[in-house]
$ cat final_14.cif   # mmCIF, N, CA and C atoms
data_coords
#
loop_
_atom_site.label_atom_id
_atom_site.label_comp_id
_atom_site.auth_asym_id
_atom_site.auth_seq_id
_atom_site.Cartn_x
_atom_site.Cartn_y
_atom_site.Cartn_z
N MET X 218 -23.95 21.46 4.71
CA MET X 218 -22.96 22.43 5.10
C MET X 218 -21.62 21.72 5.25
N THR X 219 -20.59 22.30 4.68
CA THR X 219 -19.26 21.69 4.73
C THR X 219 -18.34 22.54 5.59
N ILE X 220 -17.21 21.95 5.94
CA ILE X 220 -16.23 22.68 6.74
C ILE X 220 -15.79 23.95 6.03
N SER X 221 -15.69 23.89 4.71
CA SER X 221 -15.23 25.07 3.98
C SER X 221 -16.23 26.22 4.09
N SER X 222 -17.48 25.93 4.45
CA SER X 222 -18.46 27.01 4.58
C SER X 222 -18.18 27.86 5.82
N THR X 223 -17.32 27.42 6.72
CA THR X 223 -16.95 28.22 7.89
C THR X 223 -15.81 29.17 7.55
N LEU X 224 -15.25 29.05 6.37
CA LEU X 224 -14.12 29.88 5.94
C LEU X 224 -14.57 30.88 4.90
N SER X 225 -13.89 32.04 4.87
CA SER X 225 -14.14 33.02 3.82
C SER X 225 -13.55 32.49 2.51
N GLU X 226 -13.93 33.10 1.40
CA GLU X 226 -13.39 32.68 0.11
C GLU X 226 -11.87 32.86 0.09
N GLN X 227 -11.39 33.93 0.68
CA GLN X 227 -9.95 34.17 0.73
C GLN X 227 -9.25 33.10 1.57
N GLU X 228 -9.84 32.74 2.71
CA GLU X 228 -9.25 31.69 3.55
C GLU X 228 -9.25 30.35 2.83
N LYS X 229 -10.30 30.06 2.09
CA LYS X 229 -10.34 28.82 1.30
C LYS X 229 -9.21 28.80 0.29
N ALA X 230 -8.98 29.94 -0.36
CA ALA X 230 -7.90 30.01 -1.36
C ALA X 230 -6.54 29.82 -0.70
N VAL X 231 -6.33 30.42 0.46
CA VAL X 231 -5.05 30.25 1.17
C VAL X 231 -4.90 28.78 1.57
N LEU X 232 -5.97 28.17 2.06
CA LEU X 232 -5.92 26.76 2.43
C LEU X 232 -5.57 25.89 1.22
N GLU X 233 -6.06 26.25 0.05
CA GLU X 233 -5.71 25.51 -1.17
C GLU X 233 -4.21 25.56 -1.42
N THR X 234 -3.60 26.71 -1.18
CA THR X 234 -2.14 26.81 -1.40
C THR X 234 -1.38 25.93 -0.42
N VAL X 235 -1.91 25.80 0.79
CA VAL X 235 -1.28 24.93 1.79
C VAL X 235 -1.42 23.48 1.35
N ARG X 236 -2.62 23.11 0.91
CA ARG X 236 -2.87 21.72 0.47
C ARG X 236 -1.99 21.35 -0.72
N MET X 237 -1.76 22.32 -1.61
CA MET X 237 -0.94 22.06 -2.80
C MET X 237 0.55 22.17 -2.51
N ARG X 238 0.88 22.52 -1.27
CA ARG X 238 2.27 22.67 -0.83
C ARG X 238 3.05 23.65 -1.73
N LEU X 239 2.42 24.77 -2.02
CA LEU X 239 3.06 25.78 -2.85
C LEU X 239 4.06 26.58 -2.00
N SER X 240 5.12 27.03 -2.66
CA SER X 240 6.06 27.92 -1.98
C SER X 240 5.36 29.26 -1.73
N ARG X 241 6.02 30.13 -0.96
CA ARG X 241 5.41 31.44 -0.67
C ARG X 241 5.15 32.20 -1.97
N GLN X 242 6.13 32.22 -2.86
CA GLN X 242 5.96 32.94 -4.12
C GLN X 242 4.87 32.30 -4.99
N GLN X 243 4.87 30.99 -5.05
CA GLN X 243 3.83 30.29 -5.82
C GLN X 243 2.45 30.56 -5.22
N SER X 244 2.39 30.59 -3.90
CA SER X 244 1.12 30.86 -3.22
C SER X 244 0.61 32.25 -3.56
N LEU X 245 1.50 33.23 -3.48
CA LEU X 245 1.10 34.61 -3.79
C LEU X 245 0.62 34.74 -5.23
N LEU X 246 1.30 34.07 -6.15
CA LEU X 246 0.90 34.10 -7.55
C LEU X 246 -0.45 33.41 -7.73
N TYR X 247 -0.63 32.25 -7.12
CA TYR X 247 -1.90 31.52 -7.20
C TYR X 247 -3.04 32.37 -6.66
N LEU X 248 -2.81 32.99 -5.52
CA LEU X 248 -3.85 33.82 -4.91
C LEU X 248 -4.18 35.02 -5.80
N LYS X 249 -3.15 35.66 -6.35
CA LYS X 249 -3.35 36.80 -7.24
C LYS X 249 -4.16 36.39 -8.47
N GLU X 250 -3.82 35.22 -9.05
CA GLU X 250 -4.54 34.72 -10.23
C GLU X 250 -5.99 34.38 -9.92
N ASN X 251 -6.29 34.15 -8.64
CA ASN X 251 -7.65 33.81 -8.22
C ASN X 251 -8.35 34.98 -7.54
N GLY X 252 -7.81 36.19 -7.73
CA GLY X 252 -8.47 37.40 -7.25
C GLY X 252 -8.21 37.76 -5.81
N PHE X 253 -7.15 37.22 -5.22
CA PHE X 253 -6.84 37.51 -3.82
C PHE X 253 -5.40 38.00 -3.68
N LYS X 254 -5.12 39.16 -4.27
CA LYS X 254 -3.76 39.70 -4.18
C LYS X 254 -3.50 40.10 -2.73
N MET X 255 -2.33 39.65 -2.21
CA MET X 255 -1.96 39.99 -0.84
C MET X 255 -0.45 40.00 -0.69
N SER X 256 0.00 40.60 0.39
CA SER X 256 1.43 40.67 0.68
C SER X 256 1.88 39.37 1.36
N GLN X 257 3.19 39.21 1.46
CA GLN X 257 3.74 38.04 2.15
C GLN X 257 3.31 38.03 3.62
N ALA X 258 3.29 39.22 4.23
CA ALA X 258 2.90 39.32 5.64
C ALA X 258 1.44 38.89 5.82
N THR X 259 0.57 39.31 4.92
CA THR X 259 -0.84 38.93 5.00
C THR X 259 -1.00 37.43 4.81
N LEU X 260 -0.27 36.88 3.85
CA LEU X 260 -0.32 35.43 3.62
C LEU X 260 0.11 34.69 4.88
N THR X 261 1.18 35.14 5.50
CA THR X 261 1.67 34.50 6.73
C THR X 261 0.61 34.58 7.83
N ARG X 262 -0.02 35.75 7.99
CA ARG X 262 -1.08 35.90 9.01
C ARG X 262 -2.26 34.98 8.71
N LYS X 263 -2.65 34.89 7.45
CA LYS X 263 -3.78 34.02 7.07
C LYS X 263 -3.46 32.56 7.35
N LYS X 264 -2.24 32.13 7.02
CA LYS X 264 -1.85 30.75 7.28
C LYS X 264 -1.84 30.46 8.78
N LYS X 265 -1.36 31.43 9.58
CA LYS X 265 -1.35 31.24 11.03
C LYS X 265 -2.78 31.15 11.56
N LYS X 266 -3.67 31.98 11.05
CA LYS X 266 -5.06 31.94 11.48
C LYS X 266 -5.68 30.59 11.16
N LEU X 267 -5.44 30.08 9.95
CA LEU X 267 -5.96 28.77 9.57
C LEU X 267 -5.40 27.67 10.46
N ASN X 268 -4.12 27.77 10.76
CA ASN X 268 -3.49 26.79 11.64
C ASN X 268 -4.11 26.85 13.04
N ASP X 269 -4.36 28.06 13.53
CA ASP X 269 -4.97 28.23 14.85
C ASP X 269 -6.43 27.74 14.88
N MET X 270 -7.06 27.70 13.71
CA MET X 270 -8.47 27.28 13.61
C MET X 270 -8.63 25.77 13.43
N LYS X 271 -7.55 25.02 13.39
CA LYS X 271 -7.64 23.58 13.11
C LYS X 271 -8.61 22.89 14.05
N LEU X 272 -8.46 23.11 15.33
CA LEU X 272 -9.32 22.43 16.30
C LEU X 272 -10.78 22.86 16.12
N LYS X 273 -10.99 24.13 15.90
CA LYS X 273 -12.35 24.63 15.68
C LYS X 273 -12.97 23.97 14.44
N ARG X 274 -12.19 23.84 13.39
CA ARG X 274 -12.69 23.22 12.16
C ARG X 274 -12.99 21.74 12.39
N LEU X 275 -12.16 21.05 13.18
CA LEU X 275 -12.43 19.65 13.49
C LEU X 275 -13.71 19.50 14.30
N HIS X 276 -13.92 20.38 15.27
CA HIS X 276 -15.16 20.34 16.05
C HIS X 276 -16.37 20.58 15.15
N PHE X 277 -16.22 21.47 14.19
CA PHE X 277 -17.29 21.73 13.24
C PHE X 277 -17.65 20.46 12.46
N ILE X 278 -16.64 19.75 12.00
CA ILE X 278 -16.87 18.49 11.28
C ILE X 278 -17.57 17.50 12.18
N ALA X 279 -17.09 17.38 13.41
CA ALA X 279 -17.67 16.41 14.34
C ALA X 279 -19.13 16.72 14.64
N ARG X 280 -19.45 18.00 14.80
CA ARG X 280 -20.82 18.40 15.10
C ARG X 280 -21.76 18.17 13.92
N LEU X 281 -21.28 18.32 12.72
CA LEU X 281 -22.17 18.31 11.56
C LEU X 281 -22.09 17.02 10.75
N GLY X 282 -21.96 15.92 11.42
CA GLY X 282 -22.15 14.67 10.73
C GLY X 282 -20.91 14.03 10.16
N PHE X 283 -19.87 13.96 10.93
CA PHE X 283 -18.68 13.24 10.48
C PHE X 283 -19.06 11.82 10.11
N GLU X 284 -19.96 11.23 10.92
CA GLU X 284 -20.37 9.86 10.65
C GLU X 284 -21.03 9.74 9.28
N ASP X 285 -21.88 10.71 8.94
CA ASP X 285 -22.55 10.67 7.63
C ASP X 285 -21.55 10.77 6.49
N GLN X 286 -20.59 11.67 6.63
CA GLN X 286 -19.58 11.83 5.59
C GLN X 286 -18.73 10.57 5.49
N HIS X 287 -18.37 10.02 6.62
CA HIS X 287 -17.55 8.81 6.64
C HIS X 287 -18.29 7.66 5.96
N LEU X 288 -19.54 7.48 6.33
CA LEU X 288 -20.34 6.41 5.73
C LEU X 288 -20.50 6.61 4.23
N ASP X 289 -20.66 7.85 3.81
CA ASP X 289 -20.77 8.16 2.39
C ASP X 289 -19.50 7.74 1.64
N ARG X 290 -18.34 7.97 2.24
CA ARG X 290 -17.07 7.59 1.61
C ARG X 290 -16.93 6.07 1.52
N VAL X 291 -17.30 5.36 2.60
CA VAL X 291 -17.23 3.90 2.59
C VAL X 291 -18.14 3.35 1.50
N GLU X 292 -19.38 3.82 1.49
CA GLU X 292 -20.33 3.32 0.49
C GLU X 292 -19.91 3.68 -0.92
N GLY X 293 -19.30 4.85 -1.09
CA GLY X 293 -18.81 5.25 -2.41
C GLY X 293 -17.71 4.32 -2.90
N CYS X 294 -16.76 4.01 -2.03
CA CYS X 294 -15.67 3.09 -2.41
C CYS X 294 -16.22 1.70 -2.72
N GLU X 295 -17.16 1.24 -1.92
CA GLU X 295 -17.75 -0.08 -2.17
C GLU X 295 -18.49 -0.11 -3.50
N LEU X 296 -19.18 0.98 -3.83
CA LEU X 296 -19.89 1.04 -5.11
C LEU X 296 -18.91 1.05 -6.28
N ILE X 297 -17.85 1.81 -6.14
CA ILE X 297 -16.82 1.85 -7.18
C ILE X 297 -16.23 0.46 -7.39
N GLU X 298 -15.93 -0.22 -6.29
CA GLU X 298 -15.39 -1.57 -6.39
C GLU X 298 -16.38 -2.51 -7.09
N LYS X 299 -17.65 -2.37 -6.77
CA LYS X 299 -18.68 -3.21 -7.40
C LYS X 299 -18.69 -3.00 -8.92
N PHE X 300 -18.64 -1.74 -9.35
CA PHE X 300 -18.64 -1.45 -10.78
C PHE X 300 -17.36 -1.93 -11.46
N MET X 301 -16.25 -1.84 -10.75
CA MET X 301 -15.00 -2.34 -11.33
C MET X 301 -15.09 -3.85 -11.54
N TRP X 302 -15.68 -4.57 -10.57
CA TRP X 302 -15.84 -6.01 -10.74
C TRP X 302 -16.80 -6.32 -11.90
N GLN X 303 -17.84 -5.53 -12.06
CA GLN X 303 -18.74 -5.72 -13.20
C GLN X 303 -17.99 -5.51 -14.51
N ASN X 304 -17.19 -4.46 -14.57
CA ASN X 304 -16.40 -4.20 -15.77
C ASN X 304 -15.40 -5.32 -16.03
N TYR X 305 -14.81 -5.83 -14.97
CA TYR X 305 -13.87 -6.93 -15.11
C TYR X 305 -14.55 -8.14 -15.75
N HIS X 306 -15.72 -8.50 -15.27
CA HIS X 306 -16.42 -9.68 -15.78
C HIS X 306 -16.95 -9.49 -17.20
N GLU X 307 -17.22 -8.25 -17.58
CA GLU X 307 -17.71 -7.97 -18.93
C GLU X 307 -16.58 -7.82 -19.95
N CYS X 308 -15.38 -7.62 -19.46
CA CYS X 308 -14.23 -7.37 -20.33
C CYS X 308 -13.70 -8.68 -20.93
N ASN X 309 -13.33 -8.62 -22.20
CA ASN X 309 -12.78 -9.79 -22.88
C ASN X 309 -11.28 -9.68 -23.15
N ASN X 310 -10.73 -8.51 -22.96
CA ASN X 310 -9.32 -8.27 -23.24
C ASN X 310 -8.50 -8.59 -21.98
N PRO X 311 -7.60 -9.58 -22.06
CA PRO X 311 -6.81 -9.96 -20.88
C PRO X 311 -5.99 -8.82 -20.29
N TYR X 312 -5.44 -7.98 -21.14
CA TYR X 312 -4.64 -6.86 -20.63
C TYR X 312 -5.53 -5.87 -19.86
N GLN X 313 -6.70 -5.54 -20.43
CA GLN X 313 -7.62 -4.63 -19.74
C GLN X 313 -8.13 -5.24 -18.44
N LYS X 314 -8.34 -6.55 -18.44
CA LYS X 314 -8.77 -7.21 -17.21
C LYS X 314 -7.71 -7.07 -16.12
N THR X 315 -6.45 -7.17 -16.52
CA THR X 315 -5.35 -7.00 -15.58
C THR X 315 -5.33 -5.57 -15.02
N LEU X 316 -5.56 -4.59 -15.89
CA LEU X 316 -5.61 -3.21 -15.44
C LEU X 316 -6.76 -2.98 -14.45
N ILE X 317 -7.89 -3.59 -14.73
CA ILE X 317 -9.04 -3.46 -13.82
C ILE X 317 -8.72 -4.08 -12.47
N LEU X 318 -8.08 -5.27 -12.50
CA LEU X 318 -7.70 -5.90 -11.24
C LEU X 318 -6.73 -5.02 -10.44
N LYS X 319 -5.83 -4.39 -11.17
CA LYS X 319 -4.88 -3.49 -10.51
C LYS X 319 -5.62 -2.34 -9.83
N GLU X 320 -6.61 -1.79 -10.49
CA GLU X 320 -7.40 -0.70 -9.91
C GLU X 320 -8.22 -1.18 -8.72
N ILE X 321 -8.71 -2.40 -8.78
CA ILE X 321 -9.45 -2.96 -7.65
C ILE X 321 -8.53 -3.06 -6.44
N ILE X 322 -7.31 -3.50 -6.67
CA ILE X 322 -6.34 -3.58 -5.58
C ILE X 322 -6.06 -2.19 -5.01
N ASN X 323 -6.04 -1.17 -5.87
CA ASN X 323 -5.76 0.19 -5.41
C ASN X 323 -6.86 0.75 -4.51
N VAL X 324 -8.07 0.23 -4.63
CA VAL X 324 -9.18 0.68 -3.79
C VAL X 324 -9.08 0.06 -2.39
N GLN X 325 -8.46 -1.10 -2.29
CA GLN X 325 -8.44 -1.84 -1.03
C GLN X 325 -7.86 -1.06 0.16
N PRO X 326 -6.74 -0.36 -0.01
CA PRO X 326 -6.23 0.39 1.15
C PRO X 326 -7.21 1.45 1.65
N TYR X 327 -7.92 2.08 0.73
CA TYR X 327 -8.92 3.07 1.14
C TYR X 327 -10.01 2.42 1.96
N LEU X 328 -10.54 1.31 1.45
CA LEU X 328 -11.60 0.62 2.18
C LEU X 328 -11.10 0.13 3.54
N SER X 329 -9.90 -0.41 3.55
CA SER X 329 -9.34 -0.89 4.80
C SER X 329 -9.22 0.25 5.82
N SER X 330 -8.74 1.39 5.37
CA SER X 330 -8.62 2.55 6.26
C SER X 330 -9.97 3.00 6.77
N TYR X 331 -10.95 3.03 5.88
CA TYR X 331 -12.29 3.44 6.29
C TYR X 331 -12.87 2.44 7.29
N TYR X 332 -12.65 1.16 7.07
CA TYR X 332 -13.17 0.15 7.99
C TYR X 332 -12.50 0.29 9.37
N GLU X 333 -11.20 0.53 9.38
CA GLU X 333 -10.50 0.73 10.65
C GLU X 333 -11.03 1.97 11.37
N ALA X 334 -11.23 3.04 10.60
CA ALA X 334 -11.76 4.26 11.19
C ALA X 334 -13.17 4.04 11.71
N THR X 335 -13.96 3.24 10.98
CA THR X 335 -15.32 2.94 11.42
C THR X 335 -15.28 2.20 12.75
N LYS X 336 -14.39 1.25 12.85
CA LYS X 336 -14.24 0.49 14.09
C LYS X 336 -13.89 1.45 15.23
N TRP X 337 -12.97 2.36 15.00
CA TRP X 337 -12.56 3.31 16.02
C TRP X 337 -13.73 4.22 16.40
N ILE X 338 -14.46 4.71 15.41
CA ILE X 338 -15.61 5.59 15.67
C ILE X 338 -16.63 4.88 16.55
N LEU X 339 -16.94 3.64 16.21
CA LEU X 339 -17.91 2.89 17.00
C LEU X 339 -17.42 2.63 18.41
N GLU X 340 -16.14 2.31 18.57
CA GLU X 340 -15.57 2.10 19.90
C GLU X 340 -15.64 3.39 20.73
N GLU X 341 -15.30 4.51 20.11
CA GLU X 341 -15.35 5.79 20.82
C GLU X 341 -16.79 6.13 21.20
N HIS X 342 -17.71 5.88 20.29
CA HIS X 342 -19.13 6.15 20.56
C HIS X 342 -19.60 5.31 21.74
N THR X 343 -19.22 4.04 21.75
CA THR X 343 -19.60 3.14 22.84
C THR X 343 -19.00 3.62 24.16
N LYS X 344 -17.73 4.03 24.15
CA LYS X 344 -17.08 4.55 25.36
C LYS X 344 -17.82 5.77 25.88
N ASN X 345 -18.17 6.68 24.96
CA ASN X 345 -18.86 7.90 25.37
C ASN X 345 -20.24 7.59 25.95
N GLU X 346 -20.95 6.63 25.34
CA GLU X 346 -22.25 6.24 25.87
C GLU X 346 -22.11 5.66 27.28
N ARG X 347 -21.09 4.83 27.47
CA ARG X 347 -20.85 4.25 28.80
C ARG X 347 -20.58 5.34 29.83
N LYS X 348 -19.75 6.31 29.45
CA LYS X 348 -19.43 7.41 30.37
C LYS X 348 -20.69 8.19 30.72
N GLU X 349 -21.52 8.47 29.71
CA GLU X 349 -22.75 9.21 29.96
C GLU X 349 -23.70 8.42 30.85
N ASN X 350 -23.83 7.13 30.59
CA ASN X 350 -24.70 6.29 31.40
C ASN X 350 -24.20 6.19 32.83
N LYS X 351 -22.88 6.09 32.98
CA LYS X 351 -22.28 6.00 34.31
C LYS X 351 -22.51 7.32 35.05
N HIS X 352 -22.35 8.42 34.34
CA HIS X 352 -22.55 9.75 34.95
C HIS X 352 -24.01 9.93 35.36
N ILE X 353 -24.93 9.51 34.51
CA ILE X 353 -26.36 9.64 34.79
C ILE X 353 -26.74 8.78 35.99
N SER X 354 -26.24 7.54 36.03
CA SER X 354 -26.59 6.63 37.12
C SER X 354 -25.97 7.04 38.44
N SER X 355 -24.87 7.80 38.42
CA SER X 355 -24.22 8.21 39.66
C SER X 355 -24.84 9.49 40.23
N THR X 356 -25.67 10.16 39.45
CA THR X 356 -26.28 11.40 39.95
C THR X 356 -27.61 11.19 40.59
#
$ encode --input "final_14.cif" --output "structure tokens"
Amino acid sequence: MTISSTLSEQEKAVLETVRMRLSRQQSLLYLKENGFKMSQATLTRKKKKLNDMKLKRLHFIARLGFEDQHLDRVEGCELIEKFMWQNYHECNNPYQKTLILKEIINVQPYLSSYYEATKWILEEHTKNERKENKHISST
């Protein structure tokens, strides 16, 4: 189950227009082309509803395995990097090897961000466990 499963098809389409940073007119056209014709007022109400649901959507992610999704992304990036290194070592063209190295470098910020987030997640988890243990022992 994904976060988008908590949204209607129309809400998902409106959220897509927000993600793509479309203007109001572009959004209305995009929605119409995807079977969701609506007025400017309706679009504004839908965007406000989505904005008001941000916290609810984040709680949904947290409840349904943020850790699993996070770990999947880390492992995916690491696997991609592994294959890029394999391609690098198998490649005989110096120019292509340079391009592969460039792509390997491009993966590094993602991995670094994921590792930092992992550290934060583990620290928060440890803090929460301590609080729970302290609460249990004080009762």
$ closest_residue --input "final_14.cif" --among "X:Asp285, X:Glu298, X:Glu341, X:Glu349" --to "Ile322 (chain X)" --atoms "only C-alpha atoms"
X:Glu298
$ atom_distance --input "final_14.cif" --atom1 "CA of Lys249 (chain X)" --atom2 "CA of Thr223 (chain X)"
22.1 Å
$ select_by_dssp --input "final_14.cif" --residues "chain X" --states "helix (DSSP H, G or I)" --output "NGL selection string"
:X and (220-223 or 226-236 or 241-250 or 257-269 or 271-280 or 283-307 or 311-355)
$ atom_distance --input "final_14.cif" --atom1 "atom C of Glu284 (chain X)" --atom2 "atom C of Lys271 (chain X)"
18.7 Å
$ resolve_selection --input "final_14.cif" --expression "the PyMOL selection byres (((chain X and resi 290 and name CA) around 12) and name CA)" --output "ChimeraX atom specification"
/X:283-289,291-297,324,327-332,334-335
$ residues_around --input "final_14.cif" --residues "Ile317 (chain X)" --least-positions-apart "3" --cutoff "8 Å" --atoms "all atoms listed in the file" --output "ChimeraX atom specification"
/X:301-302,304-305,311-314,320-323
$ atom_distance --input "final_14.cif" --atom1 "atom C of Lys299 (chain X)" --atom2 "atom N of Lys336 (chain X)"
22.6 Å
$ residues_around --input "final_14.cif" --residues "Leu267 (chain X)" --least-positions-apart "3" --cutoff "8 Å" --atoms "only C-alpha atoms" --output "ChimeraX atom specification"
/X:228,232,263-264,270-271
$ write_last_selection --input "final_14.cif" --atoms "N, CA and C atoms" --output "PDB file, in the frame of the given file"
ATOM      1  N   GLU X 228      -9.840  32.740   2.710  1.00  0.00           N
ATOM      2  CA  GLU X 228      -9.250  31.690   3.550  1.00  0.00           C
ATOM      3  C   GLU X 228      -9.250  30.350   2.830  1.00  0.00           C
ATOM      4  N   LEU X 232      -5.970  28.170   2.060  1.00  0.00           N
ATOM      5  CA  LEU X 232      -5.920  26.760   2.430  1.00  0.00           C
ATOM      6  C   LEU X 232      -5.570  25.890   1.220  1.00  0.00           C
ATOM      7  N   LYS X 263      -2.650  34.890   7.450  1.00  0.00           N
ATOM      8  CA  LYS X 263      -3.780  34.020   7.070  1.00  0.00           C
ATOM      9  C   LYS X 263      -3.460  32.560   7.350  1.00  0.00           C
ATOM     10  N   LYS X 264      -2.240  32.130   7.020  1.00  0.00           N
ATOM     11  CA  LYS X 264      -1.850  30.750   7.280  1.00  0.00           C
ATOM     12  C   LYS X 264      -1.840  30.460   8.780  1.00  0.00           C
ATOM     13  N   MET X 270      -7.060  27.700  13.710  1.00  0.00           N
ATOM     14  CA  MET X 270      -8.470  27.280  13.610  1.00  0.00           C
ATOM     15  C   MET X 270      -8.630  25.770  13.430  1.00  0.00           C
ATOM     16  N   LYS X 271      -7.550  25.020  13.390  1.00  0.00           N
ATOM     17  CA  LYS X 271      -7.640  23.580  13.110  1.00  0.00           C
ATOM     18  C   LYS X 271      -8.610  22.890  14.050  1.00  0.00           C
TER      19      LYS X 271
END
